[in-house]
Amino acid sequence: MNTLITHVHLARPALLWALAALPLIALLWTWRRRRGSVWRQNVDAHLLPHLLVAGGRRAWSGLALLLLGWTLAVVALAGPGWRQVPQPLWQAPAPLVVALDLSSRTTATDLPPSRLLQARAKLATLLRERSGGEVALLVYADDAFTVAPLTGDAANVALYLDALAPDVMPRDGQRADRAIEAAVLLLQQSGAKGGDILLLTDRADDAARAAAAAAKAQNIHVSVLGLGTAAGAAYRSGDGQIARAQLEPDTLRAVADAGGGRYAPVADDEGDLKSLGVLTPRTSAGGQESRQGEGLAWRDEGFWLLPPLMLLSLWAFRRRGVVAVALLCVMLPLAMPAPAQAAERNWWQRADQRDQQRVAEGVDAYRRGDFQAAQQQFEGVNDAEARYNLGNALARQGQYDAAIAAYDQALALRPGMPDAVANRAAVEAARKRKPPPGGGQQPQQQQQKPSTKPQQQQQQQQKQDPSSQGEQGRPKPGQGTPPQDRDPGKPDPAEQARADAAQRERMRQALEKQQAGAGKTPAQRRESNETPQQREQRQAVEAWMRRVPDEPGNLLRQKFQLESERRKRDGQ
């Protein structure tokens, strides 16, 4: 008996505490039996032994069956097992956070054409050749900022490489220690138990070495890729002074040793990345492969106790109860939907999953130009992103008042949301704009004056369309970027006139095609029913949106500036 007990393993032993309810069940059974007897309620106690037949064995057998059934159910739920089966052991690849130095020293030309361009090319190779694992990108100068959080889609991180330059940073500097601390925080927030940090710079200090040692204590390895040469080259610092930047390999090697990583100078081929071990993700256990052999796992054998438990449950039915249960078991599979049908109806999804699916369907409808369908999908979700997208869909339909109300709801849910603030201002300006006299086409330079803040316009263009999220830096098809004016406040009249004429011609051709084509979309049918004033307002907004260039560098600059101001305000 002792041998059997030692070979039994319980997957959920805490459930055995439910056996403590056995005495309570027995007491309730006895109390109910005494209370439910009609004879005991109406006959004196001293007469009961002479009137009742001494045959309570059947009643006590029912109590025994109930206690036995309860015991079997509890033991089955506890997950008993008496044998082990082989099971493969898997470990997720360690995530990698890349921290790139974007100080003014990266403009030095000792790595032609410049250190920055060499670093971009090296990161592109890393993102393309790395075999699995999550990757994140940080940049730092006087402070560190997140460009792309941890993601398994390396191509999404590569979208930002061409926009990286020292001028996107709020302040110049070279605080590698803050970059390492920000990378450690990023890994901790993702729930990773370890990871790797790759630092790309030309020098480091004692603070960076201490930060690398602190990261190593948390199973996070810090490796360094040296940018530059020992000879160095001249560069212009952030304050306009000419200085000389040289590679300091001793300080970088000290940081790598303190962080438990490796150091390698930048090379023309992939040898530097291979020597650092960043092309093949490691595991938290230190191996280079995600699968670590096989192990043994206890098999849950509790299902063997279900047949006797079901047999005991038959004693609980009276008269035709067993037949009713049998019919219920037969009819239940007919009434229940197929798994595919249940999945199609979202029966097995949580509320947040259903909301996410509605938003995805709304974005797809927005991309197709079916703004009314997108509106219906976004209206069913009450969060800041959905309200913001609802405002975009309403603005596309010319419903400016409703769009402004949707933006206000988004700002109420997320105060200070920059995209909602920018789009609300644009729609408010379009609503207040009056049509030109005579119903003619108003020149674009009168419809929308060139802004004195091109960064804000560029951010608004990037976020105006929900389908453009995640595709920063890629102009949309058919929306070429016009040439930049020499002076943002004084556009060239000749170029402006040519752009306006070309825009009007495209609008005219698009309207003729819509009127002559068959099978119009809902958006096209709405446009055909528009009044001249509504059409003028819609065309003015769309033309103004197309004139804003799509530059992710300005978006990053604006994002880092806002983050820097927030940190300064919070005292960080």
# chains A, B, ... in the order shown; residues from 1 in each chain; ligands from 1
$ residues_around --residues "stretch 271-280 of chain A" --least-positions-apart "2" --cutoff "7 Å" --atoms "only C-alpha atoms" --output "number ranges by chain"
A: 126, 129-131, 223, 262-267, 269, 282, 288
$ write_last_selection --atoms "all heavy atoms" --output "mmCIF file, in the first residue's frame"
data_model
loop_
_atom_site.group_PDB
_atom_site.id
_atom_site.type_symbol
_atom_site.label_atom_id
_atom_site.label_comp_id
_atom_site.auth_asym_id
_atom_site.auth_seq_id
_atom_site.Cartn_x
_atom_site.Cartn_y
_atom_site.Cartn_z
ATOM 1 N N LEU A 126 21.618 42.633 -39.647
ATOM 2 C CA LEU A 126 21.227 41.912 -38.437
ATOM 3 C C LEU A 126 19.754 41.535 -38.471
ATOM 4 O O LEU A 126 19.378 40.388 -38.183
ATOM 5 C CB LEU A 126 21.534 42.767 -37.213
ATOM 6 C CG LEU A 126 20.971 42.286 -35.868
ATOM 7 C CD1 LEU A 126 21.561 40.933 -35.510
ATOM 8 C CD2 LEU A 126 21.246 43.305 -34.774
ATOM 9 N N GLU A 129 19.203 38.758 -41.242
ATOM 10 C CA GLU A 129 19.845 37.452 -41.089
ATOM 11 C C GLU A 129 19.572 36.796 -39.749
ATOM 12 O O GLU A 129 19.883 35.616 -39.582
ATOM 13 C CB GLU A 129 21.368 37.599 -41.273
ATOM 14 C CG GLU A 129 21.783 38.157 -42.618
ATOM 15 C CD GLU A 129 21.397 37.239 -43.762
ATOM 16 O OE1 GLU A 129 21.271 36.025 -43.527
ATOM 17 O OE2 GLU A 129 21.204 37.740 -44.893
ATOM 18 N N ARG A 130 19.023 37.494 -38.783
ATOM 19 C CA ARG A 130 18.787 36.890 -37.465
ATOM 20 C C ARG A 130 17.721 35.806 -37.581
ATOM 21 O O ARG A 130 16.648 36.022 -38.154
ATOM 22 C CB ARG A 130 18.356 37.968 -36.472
ATOM 23 C CG ARG A 130 18.105 37.432 -35.062
ATOM 24 C CD ARG A 130 17.829 38.577 -34.106
ATOM 25 N NE ARG A 130 17.324 38.145 -32.830
ATOM 26 C CZ ARG A 130 18.070 37.754 -31.803
ATOM 27 N NH1 ARG A 130 19.381 37.742 -31.921
ATOM 28 N NH2 ARG A 130 17.513 37.370 -30.658
ATOM 29 N N SER A 131 18.001 34.659 -37.025
ATOM 30 C CA SER A 131 17.119 33.487 -37.158
ATOM 31 C C SER A 131 16.189 33.387 -35.955
ATOM 32 O O SER A 131 16.427 32.628 -35.013
ATOM 33 C CB SER A 131 17.947 32.207 -37.282
ATOM 34 O OG SER A 131 18.810 32.054 -36.164
ATOM 35 N N SER A 223 26.524 43.079 -25.093
ATOM 36 C CA SER A 223 27.611 43.019 -26.062
ATOM 37 C C SER A 223 27.745 44.379 -26.736
ATOM 38 O O SER A 223 26.808 45.175 -26.762
ATOM 39 C CB SER A 223 27.348 41.929 -27.114
ATOM 40 O OG SER A 223 27.282 40.650 -26.504
ATOM 41 N N ARG A 262 30.204 40.127 -25.379
ATOM 42 C CA ARG A 262 31.407 40.135 -26.216
ATOM 43 C C ARG A 262 31.568 41.499 -26.862
ATOM 44 O O ARG A 262 30.614 42.270 -26.967
ATOM 45 C CB ARG A 262 31.309 39.051 -27.300
ATOM 46 C CG ARG A 262 31.028 37.656 -26.775
ATOM 47 C CD ARG A 262 30.760 36.701 -27.919
ATOM 48 N NE ARG A 262 30.369 35.378 -27.447
ATOM 49 C CZ ARG A 262 29.997 34.375 -28.244
ATOM 50 N NH1 ARG A 262 29.969 34.557 -29.559
ATOM 51 N NH2 ARG A 262 29.666 33.212 -27.728
ATOM 52 N N TYR A 263 32.804 41.750 -27.323
ATOM 53 C CA TYR A 263 33.096 42.987 -28.043
ATOM 54 C C TYR A 263 33.693 42.640 -29.392
ATOM 55 O O TYR A 263 34.483 41.697 -29.532
ATOM 56 C CB TYR A 263 34.072 43.863 -27.259
ATOM 57 C CG TYR A 263 34.683 44.949 -28.123
ATOM 58 C CD1 TYR A 263 33.930 46.076 -28.479
ATOM 59 C CD2 TYR A 263 35.975 44.839 -28.617
ATOM 60 C CE1 TYR A 263 34.465 47.058 -29.299
ATOM 61 C CE2 TYR A 263 36.518 45.820 -29.427
ATOM 62 C CZ TYR A 263 35.756 46.933 -29.767
ATOM 63 O OH TYR A 263 36.293 47.886 -30.579
ATOM 64 N N ALA A 264 33.302 43.428 -30.411
ATOM 65 C CA ALA A 264 33.865 43.259 -31.755
ATOM 66 C C ALA A 264 33.789 44.598 -32.471
ATOM 67 O O ALA A 264 32.788 45.309 -32.356
ATOM 68 C CB ALA A 264 33.107 42.200 -32.538
ATOM 69 N N PRO A 265 34.852 44.976 -33.189
ATOM 70 C CA PRO A 265 34.769 46.191 -34.012
ATOM 71 C C PRO A 265 33.951 45.917 -35.263
ATOM 72 O O PRO A 265 33.822 44.769 -35.712
ATOM 73 C CB PRO A 265 36.232 46.490 -34.347
ATOM 74 C CG PRO A 265 36.897 45.149 -34.288
ATOM 75 C CD PRO A 265 36.177 44.352 -33.236
ATOM 76 N N VAL A 266 33.381 46.963 -35.829
ATOM 77 C CA VAL A 266 32.560 46.801 -37.015
ATOM 78 C C VAL A 266 33.431 46.320 -38.167
ATOM 79 O O VAL A 266 34.589 46.737 -38.324
ATOM 80 C CB VAL A 266 31.842 48.124 -37.349
ATOM 81 C CG1 VAL A 266 32.837 49.186 -37.758
ATOM 82 C CG2 VAL A 266 30.808 47.909 -38.431
ATOM 83 N N ALA A 267 32.885 45.424 -38.972
ATOM 84 C CA ALA A 267 33.603 44.831 -40.104
ATOM 85 C C ALA A 267 32.785 44.998 -41.366
ATOM 86 O O ALA A 267 31.592 45.338 -41.328
ATOM 87 C CB ALA A 267 33.899 43.350 -39.838
ATOM 88 N N ASP A 269 31.999 42.587 -43.444
ATOM 89 C CA ASP A 269 31.128 41.442 -43.686
ATOM 90 C C ASP A 269 30.334 41.139 -42.417
ATOM 91 O O ASP A 269 30.244 41.969 -41.520
ATOM 92 C CB ASP A 269 31.957 40.227 -44.126
ATOM 93 C CG ASP A 269 33.089 39.914 -43.145
ATOM 94 O OD1 ASP A 269 33.114 40.538 -42.062
ATOM 95 O OD2 ASP A 269 33.931 39.057 -43.453
ATOM 96 N N ARG A 282 20.233 32.985 -28.542
ATOM 97 C CA ARG A 282 20.490 32.018 -27.491
ATOM 98 C C ARG A 282 19.242 31.834 -26.648
ATOM 99 O O ARG A 282 18.240 32.540 -26.818
ATOM 100 C CB ARG A 282 21.648 32.477 -26.603
ATOM 101 C CG ARG A 282 21.311 33.701 -25.760
ATOM 102 C CD ARG A 282 22.455 34.081 -24.843
ATOM 103 N NE ARG A 282 22.085 35.212 -23.999
ATOM 104 C CZ ARG A 282 21.478 35.094 -22.825
ATOM 105 N NH1 ARG A 282 21.180 33.899 -22.350
ATOM 106 N NH2 ARG A 282 21.175 36.164 -22.106
ATOM 107 N N GLN A 288 22.252 27.482 -27.820
ATOM 108 C CA GLN A 288 22.027 28.186 -29.066
ATOM 109 C C GLN A 288 20.796 27.692 -29.789
ATOM 110 O O GLN A 288 20.448 28.214 -30.825
ATOM 111 C CB GLN A 288 23.253 28.030 -29.983
ATOM 112 C CG GLN A 288 24.484 28.746 -29.479
ATOM 113 C CD GLN A 288 24.320 30.243 -29.516
ATOM 114 O OE1 GLN A 288 23.536 30.778 -30.275
ATOM 115 N NE2 GLN A 288 25.065 30.935 -28.667
#
$ residues_around --residues "A:Phe371" --least-positions-apart "5" --cutoff "7 Å" --atoms "only C-alpha atoms" --output "ChimeraX atom specification"
/A:365-366,393,396-397,523
$ write_last_selection --atoms "N, CA and C atoms" --output "CSV table (one decimal), in the first residue's frame"
chain,number,residue,atom,x,y,z
A,365,ALA,N,-12.5,47.7,-43.9
A,365,ALA,CA,-13.5,48.4,-44.6
A,365,ALA,C,-13.0,49.8,-45.0
A,366,TYR,N,-12.2,50.4,-44.1
A,366,TYR,CA,-11.7,51.7,-44.4
A,366,TYR,C,-10.7,51.7,-45.6
A,393,ALA,N,-13.3,57.9,-40.1
A,393,ALA,CA,-14.4,57.4,-41.0
A,393,ALA,C,-15.5,58.4,-41.2
A,396,ARG,N,-14.2,61.2,-43.4
A,396,ARG,CA,-14.2,60.8,-44.8
A,396,ARG,C,-15.6,60.9,-45.5
A,397,GLN,N,-16.6,60.8,-44.7
A,397,GLN,CA,-18.0,60.9,-45.2
A,397,GLN,C,-18.5,62.3,-45.2
A,523,ALA,N,-19.1,54.4,-51.0
A,523,ALA,CA,-18.4,55.7,-50.9
A,523,ALA,C,-18.7,56.5,-52.2
$ closest_residue --among "A:Trp304, A:Asp172, A:Leu96, A:Ala256" --to "A:Thr151" --atoms "only C-alpha atoms"
A:Leu96
$ residues_around --residues "stretch 103-112 of chain A" --least-positions-apart "3" --cutoff "12 Å" --atoms "only C-alpha atoms" --output "mmCIF file with N, CA, C and O atoms, in the first residue's frame"
data_model
loop_
_atom_site.group_PDB
_atom_site.id
_atom_site.type_symbol
_atom_site.label_atom_id
_atom_site.label_comp_id
_atom_site.auth_asym_id
_atom_site.auth_seq_id
_atom_site.Cartn_x
_atom_site.Cartn_y
_atom_site.Cartn_z
ATOM 1 N N LEU A 100 21.400 51.972 -30.306
ATOM 2 C CA LEU A 100 22.256 52.654 -31.277
ATOM 3 C C LEU A 100 22.596 54.050 -30.777
ATOM 4 O O LEU A 100 21.712 54.816 -30.371
ATOM 5 N N ARG A 115 29.859 56.967 -40.050
ATOM 6 C CA ARG A 115 29.572 55.931 -39.045
ATOM 7 C C ARG A 115 28.077 55.601 -39.008
ATOM 8 O O ARG A 115 27.702 54.427 -38.870
ATOM 9 N N LEU A 116 27.248 56.614 -39.157
ATOM 10 C CA LEU A 116 25.808 56.394 -39.072
ATOM 11 C C LEU A 116 25.323 55.490 -40.200
ATOM 12 O O LEU A 116 24.549 54.564 -39.968
ATOM 13 N N LEU A 117 25.774 55.735 -41.424
ATOM 14 C CA LEU A 117 25.336 54.912 -42.547
ATOM 15 C C LEU A 117 25.861 53.486 -42.411
ATOM 16 O O LEU A 117 25.168 52.524 -42.777
ATOM 17 N N GLN A 118 27.063 53.338 -41.907
ATOM 18 C CA GLN A 118 27.589 51.991 -41.670
ATOM 19 C C GLN A 118 26.767 51.274 -40.602
ATOM 20 O O GLN A 118 26.485 50.068 -40.716
ATOM 21 N N ALA A 119 26.364 51.997 -39.555
ATOM 22 C CA ALA A 119 25.549 51.386 -38.507
ATOM 23 C C ALA A 119 24.184 50.991 -39.051
ATOM 24 O O ALA A 119 23.655 49.919 -38.715
ATOM 25 N N ARG A 120 23.563 51.829 -39.887
ATOM 26 C CA ARG A 120 22.281 51.468 -40.492
ATOM 27 C C ARG A 120 22.405 50.191 -41.322
ATOM 28 O O ARG A 120 21.551 49.289 -41.226
ATOM 29 N N ALA A 121 23.454 50.120 -42.136
ATOM 30 C CA ALA A 121 23.634 48.925 -42.972
ATOM 31 C C ALA A 121 23.862 47.681 -42.117
ATOM 32 O O ALA A 121 23.358 46.592 -42.423
ATOM 33 N N VAL A 139 17.425 54.122 -29.398
ATOM 34 C CA VAL A 139 18.455 55.086 -29.781
ATOM 35 C C VAL A 139 18.719 55.965 -28.568
ATOM 36 O O VAL A 139 17.842 56.169 -27.720
ATOM 37 N N TYR A 140 19.936 56.490 -28.506
ATOM 38 C CA TYR A 140 20.275 57.300 -27.340
ATOM 39 C C TYR A 140 21.283 58.371 -27.733
ATOM 40 O O TYR A 140 22.064 58.232 -28.685
ATOM 41 N N ALA A 141 21.234 59.442 -27.008
ATOM 42 C CA ALA A 141 22.244 60.498 -27.038
ATOM 43 C C ALA A 141 22.403 60.944 -25.586
ATOM 44 O O ALA A 141 23.004 60.223 -24.793
ATOM 45 N N ASP A 142 21.815 62.094 -25.232
ATOM 46 C CA ASP A 142 21.803 62.481 -23.825
ATOM 47 C C ASP A 142 20.809 61.639 -23.033
ATOM 48 O O ASP A 142 20.934 61.501 -21.821
ATOM 49 N N ASP A 143 19.808 61.069 -23.705
ATOM 50 C CA ASP A 143 18.836 60.179 -23.087
ATOM 51 C C ASP A 143 18.490 59.082 -24.093
ATOM 52 O O ASP A 143 18.832 59.181 -25.274
ATOM 53 N N ALA A 144 17.808 58.047 -23.643
ATOM 54 C CA ALA A 144 17.462 56.903 -24.490
ATOM 55 C C ALA A 144 15.968 56.905 -24.762
ATOM 56 O O ALA A 144 15.161 57.218 -23.885
ATOM 57 N N LEU A 164 16.771 57.293 -38.923
ATOM 58 C CA LEU A 164 17.621 57.503 -37.760
ATOM 59 C C LEU A 164 18.746 58.465 -38.108
ATOM 60 O O LEU A 164 19.524 58.228 -39.041
ATOM 61 N N ALA A 165 18.849 59.547 -37.356
ATOM 62 C CA ALA A 165 19.888 60.552 -37.547
ATOM 63 C C ALA A 165 20.006 61.336 -36.244
ATOM 64 O O ALA A 165 19.080 61.379 -35.424
ATOM 65 N N PRO A 166 21.148 61.974 -36.000
ATOM 66 C CA PRO A 166 21.309 62.725 -34.749
ATOM 67 C C PRO A 166 20.307 63.860 -34.576
ATOM 68 O O PRO A 166 20.002 64.247 -33.448
ATOM 69 N N ASP A 167 19.766 64.403 -35.683
ATOM 70 C CA ASP A 167 18.870 65.548 -35.537
ATOM 71 C C ASP A 167 17.498 65.168 -35.012
ATOM 72 O O ASP A 167 16.688 66.057 -34.724
ATOM 73 N N VAL A 168 17.170 63.870 -34.874
ATOM 74 C CA VAL A 168 15.886 63.486 -34.298
ATOM 75 C C VAL A 168 15.942 63.461 -32.780
ATOM 76 O O VAL A 168 14.902 63.346 -32.120
ATOM 77 N N MET A 169 17.151 63.564 -32.208
ATOM 78 C CA MET A 169 17.294 63.512 -30.757
ATOM 79 C C MET A 169 17.081 64.901 -30.156
ATOM 80 O O MET A 169 17.541 65.905 -30.710
ATOM 81 N N PRO A 170 16.392 64.988 -29.007
ATOM 82 C CA PRO A 170 16.151 66.313 -28.395
ATOM 83 C C PRO A 170 17.435 67.021 -27.977
ATOM 84 O O PRO A 170 17.560 68.230 -28.154
ATOM 85 N N ARG A 171 18.391 66.290 -27.418
ATOM 86 C CA ARG A 171 19.649 66.896 -26.961
ATOM 87 C C ARG A 171 20.804 65.977 -27.318
ATOM 88 O O ARG A 171 20.664 64.742 -27.334
ATOM 89 N N ASP A 172 21.946 66.594 -27.591
ATOM 90 C CA ASP A 172 23.138 65.824 -27.923
ATOM 91 C C ASP A 172 23.784 65.314 -26.634
ATOM 92 O O ASP A 172 23.618 65.886 -25.555
ATOM 93 N N GLY A 173 24.524 64.242 -26.754
ATOM 94 C CA GLY A 173 25.193 63.635 -25.611
ATOM 95 C C GLY A 173 25.565 62.203 -25.938
ATOM 96 O O GLY A 173 25.394 61.746 -27.081
ATOM 97 N N GLN A 174 26.047 61.483 -24.937
ATOM 98 C CA GLN A 174 26.456 60.093 -25.156
ATOM 99 C C GLN A 174 26.339 59.329 -23.837
ATOM 100 O O GLN A 174 27.317 58.922 -23.238
ATOM 101 N N ARG A 175 25.092 59.094 -23.401
ATOM 102 C CA ARG A 175 24.813 58.409 -22.145
ATOM 103 C C ARG A 175 24.489 56.947 -22.427
ATOM 104 O O ARG A 175 23.326 56.550 -22.516
ATOM 105 N N ALA A 176 25.535 56.136 -22.585
ATOM 106 C CA ALA A 176 25.330 54.712 -22.841
ATOM 107 C C ALA A 176 24.705 54.017 -21.637
ATOM 108 O O ALA A 176 24.008 53.004 -21.792
ATOM 109 N N LEU A 200 25.815 49.798 -29.918
ATOM 110 C CA LEU A 200 26.591 50.273 -31.059
ATOM 111 C C LEU A 200 27.069 51.683 -30.752
ATOM 112 O O LEU A 200 26.282 52.640 -30.762
ATOM 113 N N THR A 201 28.361 51.842 -30.482
ATOM 114 C CA THR A 201 28.925 53.135 -30.129
ATOM 115 C C THR A 201 30.435 53.072 -30.316
ATOM 116 O O THR A 201 30.993 52.037 -30.706
ATOM 117 N N ASP A 202 31.119 54.189 -29.996
ATOM 118 C CA ASP A 202 32.573 54.239 -30.156
ATOM 119 C C ASP A 202 33.308 54.359 -28.827
ATOM 120 O O ASP A 202 34.522 54.186 -28.781
ATOM 121 N N ARG A 203 32.582 54.637 -27.749
ATOM 122 C CA ARG A 203 33.231 54.748 -26.447
ATOM 123 C C ARG A 203 32.177 54.611 -25.358
ATOM 124 O O ARG A 203 30.975 54.688 -25.614
ATOM 125 N N GLY A 226 31.816 48.054 -31.903
ATOM 126 C CA GLY A 226 32.523 49.329 -31.965
ATOM 127 C C GLY A 226 32.348 50.030 -33.296
ATOM 128 O O GLY A 226 32.581 49.437 -34.357
ATOM 129 N N LEU A 227 31.975 51.300 -33.257
ATOM 130 C CA LEU A 227 31.808 52.128 -34.450
ATOM 131 C C LEU A 227 32.972 53.100 -34.544
ATOM 132 O O LEU A 227 33.164 53.923 -33.640
ATOM 133 N N GLY A 228 33.736 53.028 -35.629
ATOM 134 C CA GLY A 228 34.835 53.963 -35.818
ATOM 135 C C GLY A 228 36.165 53.258 -35.957
ATOM 136 O O GLY A 228 36.262 52.016 -35.974
ATOM 137 N N THR A 229 37.196 54.059 -36.064
ATOM 138 C CA THR A 229 38.562 53.562 -36.189
ATOM 139 C C THR A 229 39.436 54.250 -35.150
ATOM 140 O O THR A 229 39.056 55.266 -34.543
ATOM 141 N N ALA A 230 40.620 53.678 -34.943
ATOM 142 C CA ALA A 230 41.544 54.263 -33.977
ATOM 143 C C ALA A 230 42.032 55.628 -34.443
ATOM 144 O O ALA A 230 42.310 56.517 -33.618
ATOM 145 N N ALA A 231 42.144 55.829 -35.758
ATOM 146 C CA ALA A 231 42.587 57.131 -36.275
ATOM 147 C C ALA A 231 41.524 58.197 -36.064
ATOM 148 O O ALA A 231 41.840 59.361 -35.803
ATOM 149 N N GLY A 232 40.264 57.819 -36.189
ATOM 150 C CA GLY A 232 39.182 58.754 -35.975
ATOM 151 C C GLY A 232 38.999 59.724 -37.126
ATOM 152 O O GLY A 232 39.653 59.635 -38.175
ATOM 153 N N ALA A 233 38.100 60.667 -36.935
ATOM 154 C CA ALA A 233 37.808 61.687 -37.940
ATOM 155 C C ALA A 233 37.122 62.858 -37.267
ATOM 156 O O ALA A 233 36.620 62.752 -36.139
ATOM 157 N N ALA A 234 37.107 63.982 -37.955
ATOM 158 C CA ALA A 234 36.488 65.181 -37.416
ATOM 159 C C ALA A 234 34.979 65.137 -37.605
ATOM 160 O O ALA A 234 34.473 64.500 -38.538
ATOM 161 N N TYR A 235 34.289 65.834 -36.719
ATOM 162 C CA TYR A 235 32.836 65.941 -36.813
ATOM 163 C C TYR A 235 32.414 67.253 -36.166
ATOM 164 O O TYR A 235 33.184 67.884 -35.440
ATOM 165 N N ARG A 236 31.172 67.661 -36.445
ATOM 166 C CA ARG A 236 30.640 68.878 -35.868
ATOM 167 C C ARG A 236 29.681 68.496 -34.745
ATOM 168 O O ARG A 236 28.714 67.772 -34.976
ATOM 169 N N SER A 237 29.948 68.967 -33.555
ATOM 170 C CA SER A 237 29.134 68.617 -32.389
ATOM 171 C C SER A 237 27.806 69.352 -32.431
ATOM 172 O O SER A 237 27.555 70.203 -33.301
ATOM 173 N N GLY A 238 26.957 69.043 -31.466
ATOM 174 C CA GLY A 238 25.640 69.643 -31.438
ATOM 175 C C GLY A 238 25.662 71.145 -31.225
ATOM 176 O O GLY A 238 24.747 71.844 -31.664
ATOM 177 N N ASP A 239 26.695 71.677 -30.570
ATOM 178 C CA ASP A 239 26.799 73.124 -30.348
ATOM 179 C C ASP A 239 27.570 73.834 -31.448
ATOM 180 O O ASP A 239 27.915 75.004 -31.313
ATOM 181 N N GLY A 240 27.862 73.106 -32.549
ATOM 182 C CA GLY A 240 28.530 73.724 -33.689
ATOM 183 C C GLY A 240 30.038 73.682 -33.639
ATOM 184 O O GLY A 240 30.694 74.166 -34.584
ATOM 185 N N GLN A 241 30.646 73.103 -32.618
ATOM 186 C CA GLN A 241 32.091 73.046 -32.503
ATOM 187 C C GLN A 241 32.650 71.865 -33.299
ATOM 188 O O GLN A 241 32.000 70.828 -33.443
ATOM 189 N N ILE A 242 33.845 72.037 -33.840
ATOM 190 C CA ILE A 242 34.528 70.967 -34.559
ATOM 191 C C ILE A 242 35.335 70.161 -33.551
ATOM 192 O O ILE A 242 36.152 70.715 -32.796
ATOM 193 N N ALA A 243 35.132 68.853 -33.522
ATOM 194 C CA ALA A 243 35.846 67.965 -32.600
ATOM 195 C C ALA A 243 36.289 66.728 -33.358
ATOM 196 O O ALA A 243 35.996 66.553 -34.548
ATOM 197 N N ARG A 244 36.991 65.860 -32.682
ATOM 198 C CA ARG A 244 37.505 64.646 -33.311
ATOM 199 C C ARG A 244 37.016 63.436 -32.522
ATOM 200 O O ARG A 244 37.101 63.407 -31.285
ATOM 201 N N ALA A 245 36.481 62.448 -33.255
ATOM 202 C CA ALA A 245 35.938 61.236 -32.639
ATOM 203 C C ALA A 245 36.838 60.057 -32.985
ATOM 204 O O ALA A 245 37.156 59.827 -34.158
ATOM 205 N N GLN A 246 37.253 59.317 -31.982
ATOM 206 C CA GLN A 246 38.109 58.146 -32.152
ATOM 207 C C GLN A 246 37.478 56.948 -31.449
ATOM 208 O O GLN A 246 36.763 57.095 -30.457
ATOM 209 N N LEU A 247 37.738 55.784 -31.990
ATOM 210 C CA LEU A 247 37.259 54.558 -31.371
ATOM 211 C C LEU A 247 38.085 54.257 -30.132
ATOM 212 O O LEU A 247 39.324 54.284 -30.186
ATOM 213 N N PRO A 265 34.852 44.976 -33.189
ATOM 214 C CA PRO A 265 34.769 46.191 -34.012
ATOM 215 C C PRO A 265 33.951 45.917 -35.263
ATOM 216 O O PRO A 265 33.822 44.769 -35.712
ATOM 217 N N VAL A 266 33.381 46.963 -35.829
ATOM 218 C CA VAL A 266 32.560 46.801 -37.015
ATOM 219 C C VAL A 266 33.431 46.320 -38.167
ATOM 220 O O VAL A 266 34.589 46.737 -38.324
ATOM 221 N N ALA A 267 32.885 45.424 -38.972
ATOM 222 C CA ALA A 267 33.603 44.831 -40.104
ATOM 223 C C ALA A 267 32.785 44.998 -41.366
ATOM 224 O O ALA A 267 31.592 45.338 -41.328
ATOM 225 N N ASP A 268 33.436 44.742 -42.506
ATOM 226 C CA ASP A 268 32.759 44.884 -43.795
ATOM 227 C C ASP A 268 31.791 43.753 -44.080
ATOM 228 O O ASP A 268 30.876 43.904 -44.885
#
$ select_by_dssp --residues "stretch 141-275 of chain A" --states "strand (DSSP E or B)" --output "ChimeraX atom specification"
/A:144-151,195-201,220-226,233-236,242-245,260-265
$ residues_around --residues "A:Ala99" --least-positions-apart "5" --cutoff "10 Å" --atoms "only C-alpha atoms" --output "list in words"
Ala136, Leu137, Leu138, Val139, Tyr140, Ala144, Phe145, Thr146, Val147, Ala176, Ala179, Ile180, Ala182, Ala183, Ile197, Leu198, Leu199, Leu200, Thr201 and Val224 of chain A
$ closest_residue --among "A:Arg567, A:Arg424, A:Lys193, A:Lys122" --to "A:Ile220" --atoms "only C-alpha atoms"
A:Lys193
$ closest_residue --among "A:Gly79, A:Leu22, A:Arg32, A:His7" --to "A:Ala64" --atoms "only C-alpha atoms"
A:Leu22
$ atom_distance --atom1 "atom CA of A:Lys559" --atom2 "atom CA of A:Leu161"
15.7 Å
